[in-house]
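Asker: This is the content of target20.csv (CSV, N, CA and C atoms and all ligand atoms):
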```csv
chain,number,residue,atom,x,y,z
L,995,MET,N,-5.3,11.6,-19.0
L,995,MET,CA,-4.9,10.2,-18.8
L,995,MET,C,-5.0,9.5,-20.2
L,996,SER,N,-4.1,8.6,-20.4
L,996,SER,CA,-4.2,7.7,-21.6
L,996,SER,C,-4.5,6.3,-21.1
L,997,TRP,N,-5.7,5.8,-21.5
L,997,TRP,CA,-6.0,4.5,-20.9
L,997,TRP,C,-5.6,3.4,-21.9
L,998,ILE,N,-5.0,2.4,-21.3
L,998,ILE,CA,-4.5,1.2,-22.1
L,998,ILE,C,-5.5,0.1,-21.9
L,999,ASP,N,-6.0,-0.5,-22.9
L,999,ASP,CA,-6.8,-1.7,-22.8
L,999,ASP,C,-5.9,-2.9,-22.5
L,1000,ILE,N,-6.1,-3.5,-21.4
L,1000,ILE,CA,-5.3,-4.6,-21.0
L,1000,ILE,C,-6.0,-6.0,-21.0
L,1001,GLY,N,-7.3,-6.0,-21.4
L,1001,GLY,CA,-8.0,-7.2,-21.5
L,1001,GLY,C,-9.4,-7.1,-21.0
L,1002,HIS,N,-10.0,-8.2,-20.8
L,1002,HIS,CA,-11.4,-8.3,-20.3
L,1002,HIS,C,-11.4,-8.7,-18.8
L,1003,ILE,N,-12.5,-8.2,-18.1
L,1003,ILE,CA,-12.5,-8.6,-16.7
L,1003,ILE,C,-12.6,-10.1,-16.5
L,1004,ASP,N,-13.2,-10.8,-17.5
L,1004,ASP,CA,-13.3,-12.3,-17.4
L,1004,ASP,C,-11.9,-13.0,-17.5
L,1005,ASP,N,-10.9,-12.2,-17.9
L,1005,ASP,CA,-9.6,-12.8,-18.0
L,1005,ASP,C,-9.0,-13.0,-16.6
L,1006,ILE,N,-9.6,-12.4,-15.6
L,1006,ILE,CA,-9.2,-12.4,-14.2
L,1006,ILE,C,-10.1,-13.3,-13.4
L,1007,PRO,N,-9.6,-14.3,-12.7
L,1007,PRO,CA,-10.5,-15.1,-11.9
L,1007,PRO,C,-11.2,-14.3,-10.8
L,1008,LEU,N,-12.4,-14.6,-10.4
L,1008,LEU,CA,-13.0,-13.9,-9.4
L,1008,LEU,C,-12.2,-14.1,-8.1
L,1009,ARG,N,-12.0,-13.0,-7.4
L,1009,ARG,CA,-11.2,-12.9,-6.2
L,1009,ARG,C,-9.7,-13.3,-6.5
L,1010,GLY,N,-9.3,-13.1,-7.7
L,1010,GLY,CA,-7.9,-13.4,-8.1
L,1010,GLY,C,-7.3,-12.2,-8.8
L,1011,ALA,N,-6.2,-12.5,-9.5
L,1011,ALA,CA,-5.5,-11.4,-10.1
L,1011,ALA,C,-4.7,-12.0,-11.3
L,1012,ARG,N,-4.3,-11.0,-12.2
L,1012,ARG,CA,-3.4,-11.4,-13.2
L,1012,ARG,C,-2.3,-10.3,-13.3
L,1013,ILE,N,-1.2,-10.7,-13.9
L,1013,ILE,CA,-0.1,-9.8,-14.0
L,1013,ILE,C,-0.1,-9.0,-15.4
L,1014,VAL,N,0.2,-7.8,-15.3
L,1014,VAL,CA,0.5,-7.0,-16.5
L,1014,VAL,C,1.9,-6.4,-16.4
L,1015,LYS,N,2.7,-6.7,-17.5
L,1015,LYS,CA,4.1,-6.2,-17.5
L,1015,LYS,C,4.0,-4.7,-18.0
L,1016,THR,N,4.6,-3.8,-17.2
L,1016,THR,CA,4.6,-2.4,-17.6
L,1016,THR,C,6.0,-1.8,-17.4
L,1017,ALA,N,6.2,-0.6,-17.8
L,1017,ALA,CA,7.5,0.1,-17.6
L,1017,ALA,C,7.9,0.2,-16.2
L,1018,VAL,N,6.9,0.2,-15.3
L,1018,VAL,CA,7.2,0.4,-13.8
L,1018,VAL,C,7.3,-1.0,-13.1
L,1019,GLY,N,7.3,-2.0,-13.9
L,1019,GLY,CA,7.4,-3.4,-13.4
L,1019,GLY,C,6.1,-4.1,-13.5
L,1020,CYS,N,6.0,-5.3,-12.8
L,1020,CYS,CA,4.8,-6.1,-12.9
L,1020,CYS,C,3.7,-5.4,-12.1
L,1021,VAL,N,2.6,-5.2,-12.7
L,1021,VAL,CA,1.4,-4.7,-12.0
L,1021,VAL,C,0.4,-5.8,-11.9
L,1022,ALA,N,-0.1,-6.0,-10.7
L,1022,ALA,CA,-1.2,-7.0,-10.5
L,1022,ALA,C,-2.5,-6.3,-10.6
L,1023,VAL,N,-3.4,-6.9,-11.4
L,1023,VAL,CA,-4.7,-6.4,-11.6
L,1023,VAL,C,-5.7,-7.4,-10.9
L,1024,PHE,N,-6.4,-6.9,-9.8
L,1024,PHE,CA,-7.2,-7.7,-9.0
L,1024,PHE,C,-8.7,-7.6,-9.3
L,1025,ARG,N,-9.4,-8.7,-9.1
L,1025,ARG,CA,-10.9,-8.6,-9.3
L,1025,ARG,C,-11.5,-9.1,-8.0
L,1026,THR,N,-12.4,-8.2,-7.4
L,1026,THR,CA,-13.0,-8.6,-6.2
L,1026,THR,C,-14.3,-9.4,-6.4
L,1027,ALA,N,-14.8,-9.9,-5.3
L,1027,ALA,CA,-16.1,-10.6,-5.4
L,1027,ALA,C,-17.2,-9.7,-5.9
L,1028,GLU,N,-17.1,-8.4,-5.7
L,1028,GLU,CA,-18.1,-7.5,-6.1
L,1028,GLU,C,-17.9,-7.0,-7.5
L,1029,GLU,N,-17.0,-7.6,-8.3
L,1029,GLU,CA,-16.7,-7.3,-9.7
L,1029,GLU,C,-16.1,-5.9,-9.8
L,1030,GLU,N,-15.3,-5.5,-8.8
L,1030,GLU,CA,-14.5,-4.3,-8.9
L,1030,GLU,C,-13.1,-4.7,-9.3
L,1031,VAL,N,-12.4,-3.8,-9.9
L,1031,VAL,CA,-11.0,-4.1,-10.3
L,1031,VAL,C,-10.1,-3.0,-9.7
L,1032,PHE,N,-8.9,-3.5,-9.3
L,1032,PHE,CA,-7.9,-2.6,-8.7
L,1032,PHE,C,-6.5,-3.0,-9.3
L,1033,ALA,N,-5.7,-2.0,-9.5
L,1033,ALA,CA,-4.3,-2.3,-10.0
L,1033,ALA,C,-3.3,-1.9,-8.9
L,1034,ALA,N,-2.3,-2.7,-8.6
L,1034,ALA,CA,-1.3,-2.4,-7.6
L,1034,ALA,C,-0.1,-3.1,-7.9
L,1035,SER,N,1.0,-2.7,-7.2
L,1035,SER,CA,2.3,-3.4,-7.4
L,1035,SER,C,2.1,-4.9,-7.0
L,1036,ASN,N,2.8,-5.8,-7.8
L,1036,ASN,CA,2.7,-7.2,-7.5
L,1036,ASN,C,3.6,-7.6,-6.3
L,1037,SER,N,4.5,-6.7,-5.9
L,1037,SER,CA,5.6,-7.1,-5.0
L,1037,SER,C,5.3,-6.6,-3.6
L,1038,CYS,N,5.2,-7.5,-2.6
L,1038,CYS,CA,4.9,-7.2,-1.2
L,1038,CYS,C,6.1,-6.5,-0.6
L,1039,PRO,N,5.9,-5.4,0.1
L,1039,PRO,CA,7.0,-4.6,0.7
L,1039,PRO,C,7.7,-5.3,1.8
L,1040,HIS,N,7.1,-6.4,2.3
L,1040,HIS,CA,7.8,-7.2,3.3
L,1040,HIS,C,9.0,-7.9,2.8
L,1041,LYS,N,8.8,-9.0,2.0
L,1041,LYS,CA,9.9,-9.7,1.4
L,1041,LYS,C,9.6,-10.0,-0.1
L,1042,GLY,N,8.8,-9.2,-0.7
L,1042,GLY,CA,8.7,-9.4,-2.1
L,1042,GLY,C,7.7,-10.5,-2.6
L,1043,GLY,N,6.9,-10.9,-1.7
L,1043,GLY,CA,5.9,-11.9,-2.1
L,1043,GLY,C,5.0,-11.5,-3.2
L,1044,PRO,N,4.6,-12.5,-4.1
L,1044,PRO,CA,3.8,-12.1,-5.2
L,1044,PRO,C,2.3,-11.9,-4.9
L,1045,LEU,N,1.9,-10.7,-4.7
L,1045,LEU,CA,0.6,-10.4,-4.2
L,1045,LEU,C,-0.5,-10.9,-5.2
L,1046,SER,N,-0.2,-11.0,-6.5
L,1046,SER,CA,-1.2,-11.5,-7.4
L,1046,SER,C,-1.5,-13.0,-7.1
L,1047,GLU,N,-0.7,-13.7,-6.3
L,1047,GLU,CA,-1.0,-15.0,-5.9
L,1047,GLU,C,-1.7,-15.1,-4.5
L,1048,GLY,N,-2.0,-13.9,-4.0
L,1048,GLY,CA,-2.6,-13.8,-2.7
L,1048,GLY,C,-4.1,-14.0,-2.8
L,1049,ILE,N,-4.8,-13.8,-1.6
L,1049,ILE,CA,-6.2,-14.0,-1.6
L,1049,ILE,C,-6.9,-12.6,-1.5
L,1050,VAL,N,-7.8,-12.4,-2.4
L,1050,VAL,CA,-8.6,-11.1,-2.4
L,1050,VAL,C,-9.8,-11.3,-1.5
L,1051,HIS,N,-10.0,-10.4,-0.6
L,1051,HIS,CA,-11.1,-10.4,0.3
L,1051,HIS,C,-11.6,-9.0,0.5
L,1052,GLY,N,-12.9,-8.7,0.3
L,1052,GLY,CA,-13.3,-7.3,0.4
L,1052,GLY,C,-12.5,-6.5,-0.6
L,1053,LYS,N,-11.9,-5.4,-0.2
L,1053,LYS,CA,-11.1,-4.6,-1.1
L,1053,LYS,C,-9.7,-4.7,-0.6
L,1054,SER,N,-9.3,-5.9,-0.2
L,1054,SER,CA,-7.9,-6.1,0.3
L,1054,SER,C,-7.3,-7.4,-0.3
L,1055,VAL,N,-6.0,-7.5,-0.2
L,1055,VAL,CA,-5.3,-8.7,-0.6
L,1055,VAL,C,-4.4,-9.1,0.5
L,1056,THR,N,-4.4,-10.5,0.7
L,1056,THR,CA,-3.5,-11.0,1.7
L,1056,THR,C,-2.3,-11.6,1.0
L,1057,CYS,N,-1.1,-11.2,1.4
L,1057,CYS,CA,0.1,-11.8,0.8
L,1057,CYS,C,0.2,-13.3,1.0
L,1058,PRO,N,0.6,-14.0,-0.1
L,1058,PRO,CA,0.6,-15.5,0.1
L,1058,PRO,C,1.8,-16.0,0.9
L,1059,LEU,N,2.8,-15.1,1.2
L,1059,LEU,CA,4.0,-15.6,1.9
L,1059,LEU,C,3.8,-15.5,3.4
L,1060,HIS,N,3.5,-14.4,4.0
L,1060,HIS,CA,3.4,-14.2,5.4
L,1060,HIS,C,2.1,-13.6,5.9
L,1061,ASN,N,1.2,-13.5,5.0
L,1061,ASN,CA,-0.2,-13.1,5.3
L,1061,ASN,C,-0.3,-11.6,5.7
L,1062,TRP,N,0.6,-10.7,5.3
L,1062,TRP,CA,0.3,-9.3,5.5
L,1062,TRP,C,-0.9,-8.9,4.6
L,1063,VAL,N,-1.6,-7.9,5.1
L,1063,VAL,CA,-2.8,-7.5,4.3
L,1063,VAL,C,-2.7,-6.1,3.9
L,1064,PHE,N,-3.0,-5.8,2.6
L,1064,PHE,CA,-3.0,-4.5,2.0
L,1064,PHE,C,-4.3,-4.1,1.4
L,1065,SER,N,-4.6,-2.8,1.7
L,1065,SER,CA,-5.8,-2.3,1.0
L,1065,SER,C,-5.5,-2.1,-0.5
L,1066,LEU,N,-6.5,-2.6,-1.3
L,1066,LEU,CA,-6.3,-2.4,-2.7
L,1066,LEU,C,-6.7,-1.0,-3.2
L,1067,GLU,N,-7.4,-0.3,-2.3
L,1067,GLU,CA,-7.9,1.1,-2.6
L,1067,GLU,C,-6.8,2.1,-2.3
L,1068,THR,N,-6.1,2.0,-1.2
L,1068,THR,CA,-5.1,2.9,-0.8
L,1068,THR,C,-3.7,2.4,-0.9
L,1069,GLY,N,-3.5,1.1,-0.9
L,1069,GLY,CA,-2.2,0.5,-0.9
L,1069,GLY,C,-1.6,0.3,0.5
L,1070,GLU,N,-2.3,0.9,1.5
L,1070,GLU,CA,-1.8,0.8,2.8
L,1070,GLU,C,-1.9,-0.6,3.4
L,1071,ALA,N,-0.8,-0.9,4.2
L,1071,ALA,CA,-0.9,-2.1,5.0
L,1071,ALA,C,-2.0,-2.0,6.1
L,1072,GLN,N,-2.6,-3.1,6.4
L,1072,GLN,CA,-3.7,-3.1,7.4
L,1072,GLN,C,-3.2,-3.6,8.7
L,1073,GLY,N,-3.9,-3.2,9.8
L,1073,GLY,CA,-3.6,-3.7,11.1
L,1073,GLY,C,-2.2,-3.4,11.5
L,1074,ALA,N,-1.5,-4.4,12.0
L,1074,ALA,CA,-0.1,-4.2,12.5
L,1074,ALA,C,0.9,-4.3,11.4
L,1075,ASP,N,0.5,-4.6,10.2
L,1075,ASP,CA,1.5,-4.7,9.1
L,1075,ASP,C,2.0,-3.4,8.7
L,1076,GLU,N,3.1,-3.3,8.0
L,1076,GLU,CA,3.8,-2.1,7.7
L,1076,GLU,C,4.0,-1.9,6.3
L,1077,GLY,N,4.0,-0.6,5.9
L,1077,GLY,CA,4.4,-0.3,4.5
L,1077,GLY,C,3.1,-0.1,3.6
L,1078,ARG,N,3.4,0.1,2.3
L,1078,ARG,CA,2.3,0.2,1.4
L,1078,ARG,C,2.8,-0.3,0.0
L,1079,ILE,N,1.8,-0.6,-0.8
L,1079,ILE,CA,2.1,-0.9,-2.2
L,1079,ILE,C,1.6,0.2,-3.1
L,1080,ALA,N,2.3,0.4,-4.2
L,1080,ALA,CA,1.8,1.4,-5.2
L,1080,ALA,C,0.5,0.9,-5.8
L,1081,THR,N,-0.4,1.9,-6.0
L,1081,THR,CA,-1.6,1.6,-6.7
L,1081,THR,C,-1.7,2.4,-7.9
L,1082,TYR,N,-2.5,1.9,-8.9
L,1082,TYR,CA,-2.5,2.6,-10.2
L,1082,TYR,C,-4.0,2.7,-10.6
L,1083,PRO,N,-4.3,3.9,-11.3
L,1083,PRO,CA,-5.7,4.0,-11.7
L,1083,PRO,C,-6.1,3.0,-12.8
L,1084,ILE,N,-7.3,2.4,-12.6
L,1084,ILE,CA,-7.8,1.4,-13.5
L,1084,ILE,C,-9.3,1.6,-13.5
L,1085,ARG,N,-9.9,1.4,-14.7
L,1085,ARG,CA,-11.4,1.5,-14.7
L,1085,ARG,C,-11.9,0.4,-15.7
L,1086,LEU,N,-13.2,0.2,-15.5
L,1086,LEU,CA,-13.9,-0.8,-16.4
L,1086,LEU,C,-14.8,-0.1,-17.4
L,1087,ASP,N,-14.7,-0.5,-18.6
L,1087,ASP,CA,-15.6,0.1,-19.6
L,1087,ASP,C,-16.2,-1.1,-20.4
L,1088,ALA,N,-17.5,-1.4,-20.2
L,1088,ALA,CA,-18.1,-2.5,-20.9
L,1088,ALA,C,-17.3,-3.8,-20.8
L,1089,GLY,N,-16.8,-4.0,-19.6
L,1089,GLY,CA,-16.1,-5.3,-19.4
L,1089,GLY,C,-14.6,-5.2,-19.7
L,1090,ARG,N,-14.2,-4.1,-20.4
L,1090,ARG,CA,-12.8,-4.0,-20.7
L,1090,ARG,C,-12.0,-3.4,-19.6
L,1091,LEU,N,-10.8,-3.8,-19.3
L,1091,LEU,CA,-9.9,-3.3,-18.3
L,1091,LEU,C,-9.1,-2.2,-18.9
L,1092,LEU,N,-9.2,-1.0,-18.3
L,1092,LEU,CA,-8.4,0.1,-18.9
L,1092,LEU,C,-7.5,0.6,-17.8
L,1093,LEU,N,-6.2,0.5,-18.0
L,1093,LEU,CA,-5.2,0.9,-17.1
L,1093,LEU,C,-4.6,2.3,-17.5
L,1094,ASP,N,-4.3,3.2,-16.5
L,1094,ASP,CA,-3.8,4.5,-16.8
L,1094,ASP,C,-2.4,4.4,-17.3
L,1095,GLY,N,-2.2,4.6,-18.6
L,1095,GLY,CA,-0.9,4.4,-19.2
L,1095,GLY,C,0.2,5.3,-18.7
L,1096,GLU,N,-0.2,6.5,-18.3
L,1096,GLU,CA,0.8,7.5,-17.8
L,1096,GLU,C,1.3,7.0,-16.4
L,1097,ALA,N,0.4,6.5,-15.6
L,1097,ALA,CA,0.8,6.0,-14.3
L,1097,ALA,C,1.8,4.8,-14.4
L,1098,VAL,N,1.7,4.1,-15.4
L,1098,VAL,CA,2.6,2.9,-15.6
L,1098,VAL,C,3.7,3.1,-16.5
L,1099,GLY,N,4.0,4.4,-16.8
L,1099,GLY,CA,5.2,4.8,-17.5
L,1099,GLY,C,5.1,4.7,-19.0
L,1100,LYS,N,3.9,4.8,-19.5
L,1100,LYS,CA,3.7,4.7,-21.0
L,1100,LYS,C,2.9,5.9,-21.4
L,1101,ARG,N,3.3,6.6,-22.4
L,1101,ARG,CA,2.7,7.8,-22.8
L,1101,ARG,C,1.4,7.7,-23.6
L,1102,SER,N,1.4,6.6,-24.5
L,1102,SER,CA,0.3,6.4,-25.3
L,1102,SER,C,0.0,4.9,-25.5
L,1103,ALA,N,-1.2,4.6,-25.8
L,1103,ALA,CA,-1.6,3.2,-26.0
L,1103,ALA,C,-0.8,2.7,-27.2
L,1104,ALA,N,-0.3,1.5,-27.1
L,1104,ALA,CA,0.5,0.9,-28.2
L,1104,ALA,C,-0.5,0.4,-29.2
L,1201,LIG,S1,6.5,-11.2,1.7
L,1201,LIG,FE1,4.5,-10.5,1.9
L,1201,LIG,S2,4.0,-10.8,4.0
L,1201,LIG,FE2,6.1,-11.5,3.8
```
Please express what this file holds, its structure, as structure tokens.
Ligand code: FES
Answerer:
Amino acid sequence: MSWIDIGHIDDIPLRGARIVKTAVGCVAVFRTAEEEVFAASNSCPHKGGPLSEGIVHGKSVTCPLHNWVFSLETGEAQGADEGRIATYPIRLDAGRLLLDGEAVGKRSAA
């Protein structure tokens, strides 16, 4: 894997997200209340709602448009909701956010 440094965890509000533009489209990077980070598609499979503007609770996000809920770990919709969102490997290293460059269509760090 080639890890791309996309910023510091403090660039993301607690229980919020920020957008990273990649070759595979906008990736939303979420920060949970437990200081974990997850990267997933920003686009809700229902009607394209911006998941980065949703509410993060536990390890899930609720879409701001019609309240569908997705697991940030697996991308699967929860409960009666349908579909899934793409998820991407991300890790934390001394507060830096490292996104898997290969998974987002980039071969090496710029
Ligand atoms: S667009 Fe996300 S729930 Fe409808």
Asker: Compare L:Ser1035, L:Thr1081, L:Asn1061, L:Ser1054 by their minimum atom-to-atom distance to ligand LIG 1201 (chain L), counting only N, CA and C atoms and all ligand atoms, and give me the closest one.
Answerer: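 Among the listed residues, L:Asn1061 lies closest to ligand LIG 1201 (chain L).
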Asker: For Cys1057 (chain L), which residue among L:Gly1043, L:Gly1069, L:Pro1083, L:Gly1089 is the nearest when counting all atoms listed in the file?
Answerer: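 Closest residue, counting all atoms listed in the file: L:Gly1043.
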Asker: Using all atoms listed in the file, which protein or nucleic acid residues come within 8 Å of region 1008-1019 of chain L? Drop anything in the same chain fewer than 4 positions from it, and give the result as an MDAnalysis selection string.
Answerer: chainID L and resid 1000 1003:1004 1023:1029 1035:1036 1045:1052 1097:1100
Asker: Nearest residue to Thr1056 (chain L) out of L:Pro1044, L:Gly1095, L:Pro1007, L:Gly1077, using all atoms listed in the file?
Answerer: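 Under the stated criterion, the closest residue is L:Pro1044.
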Asker: In Å, with one decimal, what is the gap from atom N of Asp1005 (chain L) to atom C of Ile1084 (chain L)?
Answerer: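 Between atom N of Asp1005 (chain L) and atom C of Ile1084 (chain L) the gap works out to 14.6 Å.
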Asker: Hey, which residues sit close to ligand LIG 1201 (chain L)? Say within 7 Å, counting only C-alpha atoms and all ligand atoms, and write them as a list in words.
Answerer: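 So the residues close to ligand LIG 1201 (chain L) are Cys1038, Pro1039, His1040, Lys1041, Gly1042, Gly1043, Cys1057, Pro1058, Leu1059, His1060, Asn1061 and Trp1062 of chain L.
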Asker: Env of Ser1065 (chain L): 6 Å cut, atoms = all atoms listed in the file, seq-sep filter 4 positions within chain, self excluded. Answer as a PyMOL selection string.
Answerer: chain L and resi 1053-1055+1069-1072
Asker: Residues of the last selection are to be written out with N, CA and C atoms, as an mmCIF file, in the coordinates of the input.
Answerer:
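Saved result, selection-v3.cif, follows:
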```cif
data_model
loop_
_atom_site.group_PDB
_atom_site.id
_atom_site.type_symbol
_atom_site.label_atom_id
_atom_site.label_comp_id
_atom_site.auth_asym_id
_atom_site.auth_seq_id
_atom_site.Cartn_x
_atom_site.Cartn_y
_atom_site.Cartn_z
ATOM 1 N N LYS L 1053 -11.900 -5.400 -0.200
ATOM 2 C CA LYS L 1053 -11.100 -4.600 -1.100
ATOM 3 C C LYS L 1053 -9.700 -4.700 -0.600
ATOM 4 N N SER L 1054 -9.300 -5.900 -0.200
ATOM 5 C CA SER L 1054 -7.900 -6.100 0.300
ATOM 6 C C SER L 1054 -7.300 -7.400 -0.300
ATOM 7 N N VAL L 1055 -6.000 -7.500 -0.200
ATOM 8 C CA VAL L 1055 -5.300 -8.700 -0.600
ATOM 9 C C VAL L 1055 -4.400 -9.100 0.500
ATOM 10 N N GLY L 1069 -3.500 1.100 -0.900
ATOM 11 C CA GLY L 1069 -2.200 0.500 -0.900
ATOM 12 C C GLY L 1069 -1.600 0.300 0.500
ATOM 13 N N GLU L 1070 -2.300 0.900 1.500
ATOM 14 C CA GLU L 1070 -1.800 0.800 2.800
ATOM 15 C C GLU L 1070 -1.900 -0.600 3.400
ATOM 16 N N ALA L 1071 -0.800 -0.900 4.200
ATOM 17 C CA ALA L 1071 -0.900 -2.100 5.000
ATOM 18 C C ALA L 1071 -2.000 -2.000 6.100
ATOM 19 N N GLN L 1072 -2.600 -3.100 6.400
ATOM 20 C CA GLN L 1072 -3.700 -3.100 7.400
ATOM 21 C C GLN L 1072 -3.200 -3.600 8.700
#
```
Asker: At what distance in Å, to one decimal, does atom C of Ser1037 (chain L) lie from CA of Glu1076 (chain L)?
Answerer: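 Distance between the two atoms: 12.3 Å.
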Asker: Could you please determine the separation between atom N of Ile1079 (chain L) and atom N of His1002 (chain L) in Å, to one decimal place?
Answerer: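 Straight-line distance from atom N of Ile1079 (chain L) to atom N of His1002 (chain L) works out to 24.4 Å.
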